[in-house]
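Asks: My structure is below; once you've seen it, I'll send some questions.
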Amino acid sequence: MAMKNDDTLMQLVEQAACCVNMLGPSDLSDAGQLDEILARIDRVVHEVDRGPGSLMTQLEGVTADAAQMLKQVLRQEVKDTSVALDAIAKAICSLQDLVRQLEVVEPSACEGSGEPVAVPDASLADAAAEENAASGGEGMTISEDDAPLVVDFITEASEHIETAESALLELENHPEDNELINKIFRGFHTIKGMAGFLNLTEIGSLAHSAENLLDLARKGKLVLAAENSDVVFESVDMLKRMLGGLKTCMESGTPVATQEQLPALLETLTAAAEGRMPATPREPRPTKEDDETLDGILVNKAEAKRATSSNASAGHAASEEKIKVSTTRLDNLINMTGELVIAQLMVAEEVNSGTSAIHELARKVAQQGKIVRELQELSMSMRMVPVQGVFQKMSRLARDLSRKGDKRVDFVTVGEETELDRTVVDKIADPLIHMVRNSLDHGIEPGEARLQAGKDPVGHVELRAFHQAGNIVIEIEDDGKGLDKDRILKKAIDNGVVDPGQGLPDEEVFKLIFHPGLSTAEKVTSVSGRGVGMDVVKKNIESLRGKIEISSTPGQGTTFTIRLPLTLAVIDGQVVSIGDQRYIIPINSIVRSLRPTARQISSVQGRGEMILERGELIPLVRLYRFLDAVPTEEDPTQALVVVVEEDGRKCCLLVDDLLAQQQVVIKNLGDALGRVQGVSGGAIMGDGKVCLILDIPGLVALAQRQ
């Protein structure tokens, strides 16, 4: 075979692999393209002028079989389209293997002989190293022409990895489900095909080796459990790191680095496929769960973002993130945009003519406002993504931690389809890592201890998400030993956090675990126990305008409840006035508003001004002093107070008047102002002026200090 044909054959086979992965029982739109590619492969195979006879015969036969099966699918002559497509994908996988074997055959050894030549007996690790050296491997850079393809590859491969990891986790609970094995196999197979097309040899070699192991499991020749399951999980982790490195290279323009641990992992995959364990122990996987690593992720994320921002412009186009959006939502967005344009033209025409009655103009402006509001809500819905990806990471974390701690834990997730703003989803993952880690390490007891307590030796941890009153609620519940209130209180007194004899309700005692450095762990482990982490969790959740609550029963377990806004971009707010200034209070924080009487107002020694409302003394905050505004009324009996609540604590905000309720888009105050206590951001109003959005947690904390 001439070298040109050799290259063409490999390219065609990789194109076929990519194409077959696009097919599905309900989507055969790419079947015609695949049929054409198979026909071109057949023509190229018949043009060869060298090659071992057996390989050429197999190439011709496999190509013909795949083409015949595809035609039967197109003619609807198969009973099960999914099975037929799987057979076609397997045939094309065989074509890839045959072409690779053909490439390593020496031309002088087979020209004209028609006899098969043995393929060199090299391990997968050696083969990967040879391919890597031949193609540039370490030091290889991505060309501008390939950059868009690589970006798409990273996005699609990440989705396939997530799907495979989810199926792996489910397979441990349902080992008899063969469809799960098929799902995992298809993920690695697809990645292998796409990587081969882009000449990403290391990724392709790893996916191919894992695929071989999974193929044995599909055929019933190997059980995908214990060590075999562990090595597939290691392959998933390695692929994640390789994709992360590839993305970094795209952003910075640096060469792709070789993974030093890849040869050892490839050898382990080969050993697992052959039914033998590796001769030398494998290097342990990085434990992302270490306290220092996790806390570093949370605390230093802003610094890391600033450090990498200088390289962002170089690879901005290539590294731009993409998300899949429902076509129905896009169609609705387009229709609403058209309606908006029409309404705008109507308003412009009305204003320019000046002949119609005022009420007609107002009616059309109101219609335009309705359309704009619907358009805004629709565009915001396109930012929403399910929490499934984050929950899947927590399932994997729970699996690894339970094995590391030698505990049997049943980890269950509920409500993975619940949608949340993608910005919130990205930021909630790290706090959840800390909380799941603490539930498994501190909450769930060892099996023997659970038996002695009359419990099931298998612990139960449930992570669930659901919508409630305009917020999203995420709960982590375990059936462990519960929080030790006395131990927490003693530790807090020893650290000077709480005064001896200070009476605190259970809820306040439980919240002490969020105090920096306060740990009640009996020993420090690689998982937790250094007294860091939970304080960072609280800060991160509050930065998302959320709050966290704890309920615990000794011997029965603990539940952490996180309440978050659906989006960080828009809030429903109550506009209030102080003098000639307007401010916005988030609706969800408001309990009620009232005009107090003189009998309700009092000054308590050491606590400042208080208002007695429904039998409860609530601190009064004169906002005009805090905001340096000039009020119309300083007497509370002539003004209004808005009762707000945060985390069970209340305060009364003194304002002049309540204006409108409206939805506003939150804008940051900018780096020049930074973070101002009591103010969470700003919003541009209809008249073009900026109103400050009040930060209720900060104001409540201020009231408590007063």
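Each chain in the structure tokens gets a letter, A, B, ..., in the order shown, and its residues are numbered from 1; ligands are numbered from 1 in order too.
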If you run DSSP on the backbone, which residues of segment 420-645 of chain A are strand (DSSP E or B), as number ranges by chain?
Replies: A: 420-421, 459-468, 471-478, 547-553, 557-565, 570-578, 581-586, 590-594, 601-604, 608-613, 616-622, 640-645
Asks: Please produce a file of the residues just selected, as a short mmCIF file (atom, residue, chain, number, x, y, z; two decimals), in the first residue's frame, where the atoms kept are C-alpha atoms.
Replies:
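So the final result, stored in part_17.cif, reads:
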data_model
loop_
_atom_site.label_atom_id
_atom_site.label_comp_id
_atom_site.auth_asym_id
_atom_site.auth_seq_id
_atom_site.Cartn_x
_atom_site.Cartn_y
_atom_site.Cartn_z
CA LEU A 420 -29.89 25.40 39.23
CA ASP A 421 -27.98 28.34 37.78
CA GLY A 459 -24.36 3.07 56.90
CA HIS A 460 -26.77 5.20 54.90
CA VAL A 461 -26.05 8.67 53.49
CA GLU A 462 -28.56 10.46 51.29
CA LEU A 463 -27.89 13.55 49.18
CA ARG A 464 -31.02 15.16 47.78
CA ALA A 465 -32.05 18.35 46.00
CA PHE A 466 -35.46 19.95 45.48
CA HIS A 467 -37.12 23.31 44.91
CA GLN A 468 -38.91 25.07 47.74
CA ASN A 471 -35.07 28.48 46.42
CA ILE A 472 -33.20 25.24 45.88
CA VAL A 473 -32.67 23.07 48.93
CA ILE A 474 -29.79 20.58 49.15
CA GLU A 475 -29.82 18.17 52.08
CA ILE A 476 -27.16 15.70 53.25
CA GLU A 477 -28.55 13.22 55.74
CA ASP A 478 -26.72 10.35 57.45
CA LYS A 547 -27.59 29.66 54.30
CA ILE A 548 -26.96 26.33 56.03
CA GLU A 549 -28.86 24.70 58.89
CA ILE A 550 -28.08 21.65 61.05
CA SER A 551 -30.34 19.20 62.83
CA SER A 552 -28.97 16.22 64.72
CA THR A 553 -30.17 13.48 67.05
CA GLY A 557 -27.81 10.86 62.59
CA THR A 558 -27.37 14.39 61.28
CA THR A 559 -28.94 16.44 58.49
CA PHE A 560 -27.28 19.46 56.86
CA THR A 561 -29.70 21.67 54.93
CA ILE A 562 -28.42 24.21 52.40
CA ARG A 563 -30.79 26.82 50.97
CA LEU A 564 -29.65 28.65 47.85
CA PRO A 565 -31.20 31.10 45.38
CA VAL A 570 -31.68 38.07 39.30
CA ILE A 571 -33.60 38.61 42.54
CA ASP A 572 -37.14 39.65 43.44
CA GLY A 573 -36.79 42.77 45.54
CA GLN A 574 -38.80 45.27 47.56
CA VAL A 575 -37.83 48.85 46.71
CA VAL A 576 -37.76 51.13 49.77
CA SER A 577 -36.96 54.80 50.16
CA ILE A 578 -34.89 56.74 52.68
CA GLN A 581 -32.54 57.53 47.96
CA ARG A 582 -33.91 54.11 47.00
CA TYR A 583 -32.68 50.71 48.18
CA ILE A 584 -33.66 47.12 47.43
CA ILE A 585 -34.40 44.44 50.04
CA PRO A 586 -34.57 40.81 48.78
CA ILE A 590 -38.71 39.93 54.46
CA VAL A 591 -40.97 38.65 57.26
CA ARG A 592 -43.39 41.57 57.48
CA SER A 593 -43.56 45.37 57.55
CA LEU A 594 -45.33 47.64 60.05
CA ILE A 601 -40.28 50.86 71.03
CA SER A 602 -37.84 50.61 73.92
CA SER A 603 -34.15 50.81 74.73
CA VAL A 604 -32.59 47.81 76.43
CA GLY A 608 -29.72 49.32 72.05
CA GLU A 609 -33.10 50.14 70.52
CA MET A 610 -35.57 47.28 70.33
CA ILE A 611 -39.07 46.79 68.94
CA LEU A 612 -41.52 44.45 70.66
CA GLU A 613 -43.32 42.62 67.88
CA GLU A 616 -40.42 39.12 70.57
CA LEU A 617 -37.80 41.82 71.12
CA ILE A 618 -36.14 42.59 67.76
CA PRO A 619 -33.15 44.97 67.28
CA LEU A 620 -33.84 48.18 65.37
CA VAL A 621 -31.36 49.26 62.68
CA ARG A 622 -31.57 52.90 61.59
CA LEU A 640 -42.00 52.19 58.62
CA VAL A 641 -39.94 49.22 59.75
CA VAL A 642 -39.28 46.12 57.67
CA VAL A 643 -38.73 42.95 59.70
CA VAL A 644 -36.13 40.76 58.01
CA GLU A 645 -34.79 37.36 59.02
#
Asks: For the atom pair atom CA of Ala207 of chain A and atom CA of Ser235 of chain A, what is the interatomic distance in Å to one decimal place?
Replies: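 Pair atom CA of Ala207 of chain A / atom CA of Ser235 of chain A returns 7.9 Å.
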Asks: Which residues are near Leu246 of chain A? Cut-off 10 Å, only C-alpha atoms, ignore same chain within fewer than 6 positions. Put them as a short mmCIF file (atom, residue, chain, number, x, y, z; two decimals) with N, CA and C atoms, in the first residue's frame.
Replies:
data_model
loop_
_atom_site.label_atom_id
_atom_site.label_comp_id
_atom_site.auth_asym_id
_atom_site.auth_seq_id
_atom_site.Cartn_x
_atom_site.Cartn_y
_atom_site.Cartn_z
N THR A 141 2.14 20.23 19.96
CA THR A 141 1.29 21.40 20.11
C THR A 141 0.07 21.26 19.20
N ILE A 142 -1.00 21.97 19.56
CA ILE A 142 -2.24 21.93 18.80
C ILE A 142 -2.21 23.04 17.76
N VAL A 150 -10.41 20.15 18.73
CA VAL A 150 -9.96 19.71 20.05
C VAL A 150 -10.88 20.24 21.14
N VAL A 151 -11.35 21.48 20.99
CA VAL A 151 -12.29 22.04 21.97
C VAL A 151 -13.57 21.22 22.02
N ILE A 154 -12.85 17.90 23.78
CA ILE A 154 -12.78 18.01 25.24
C ILE A 154 -14.19 18.02 25.84
N LEU A 200 -4.40 12.20 19.12
CA LEU A 200 -4.11 12.30 20.55
C LEU A 200 -3.81 10.88 21.04
N LYS A 240 -9.65 12.18 32.93
CA LYS A 240 -10.02 13.52 33.40
C LYS A 240 -8.78 14.42 33.48
N THR A 254 0.91 26.10 25.33
CA THR A 254 2.08 25.28 25.62
C THR A 254 1.91 23.88 25.06
N PRO A 255 3.01 23.13 24.87
CA PRO A 255 2.91 21.77 24.32
C PRO A 255 2.19 20.84 25.28
N VAL A 256 1.61 19.77 24.71
CA VAL A 256 0.93 18.76 25.50
C VAL A 256 1.97 17.90 26.22
N ALA A 257 1.86 17.77 27.52
CA ALA A 257 2.83 17.00 28.30
C ALA A 257 2.41 15.54 28.38
#
Asks: Find the distance between atom CA of Glu36 of chain A and atom CA of Thr57 of chain A and write it in Å to one decimal.
Replies: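 Result for atom CA of Glu36 of chain A versus atom CA of Thr57 of chain A: 20.5 Å, one decimal.
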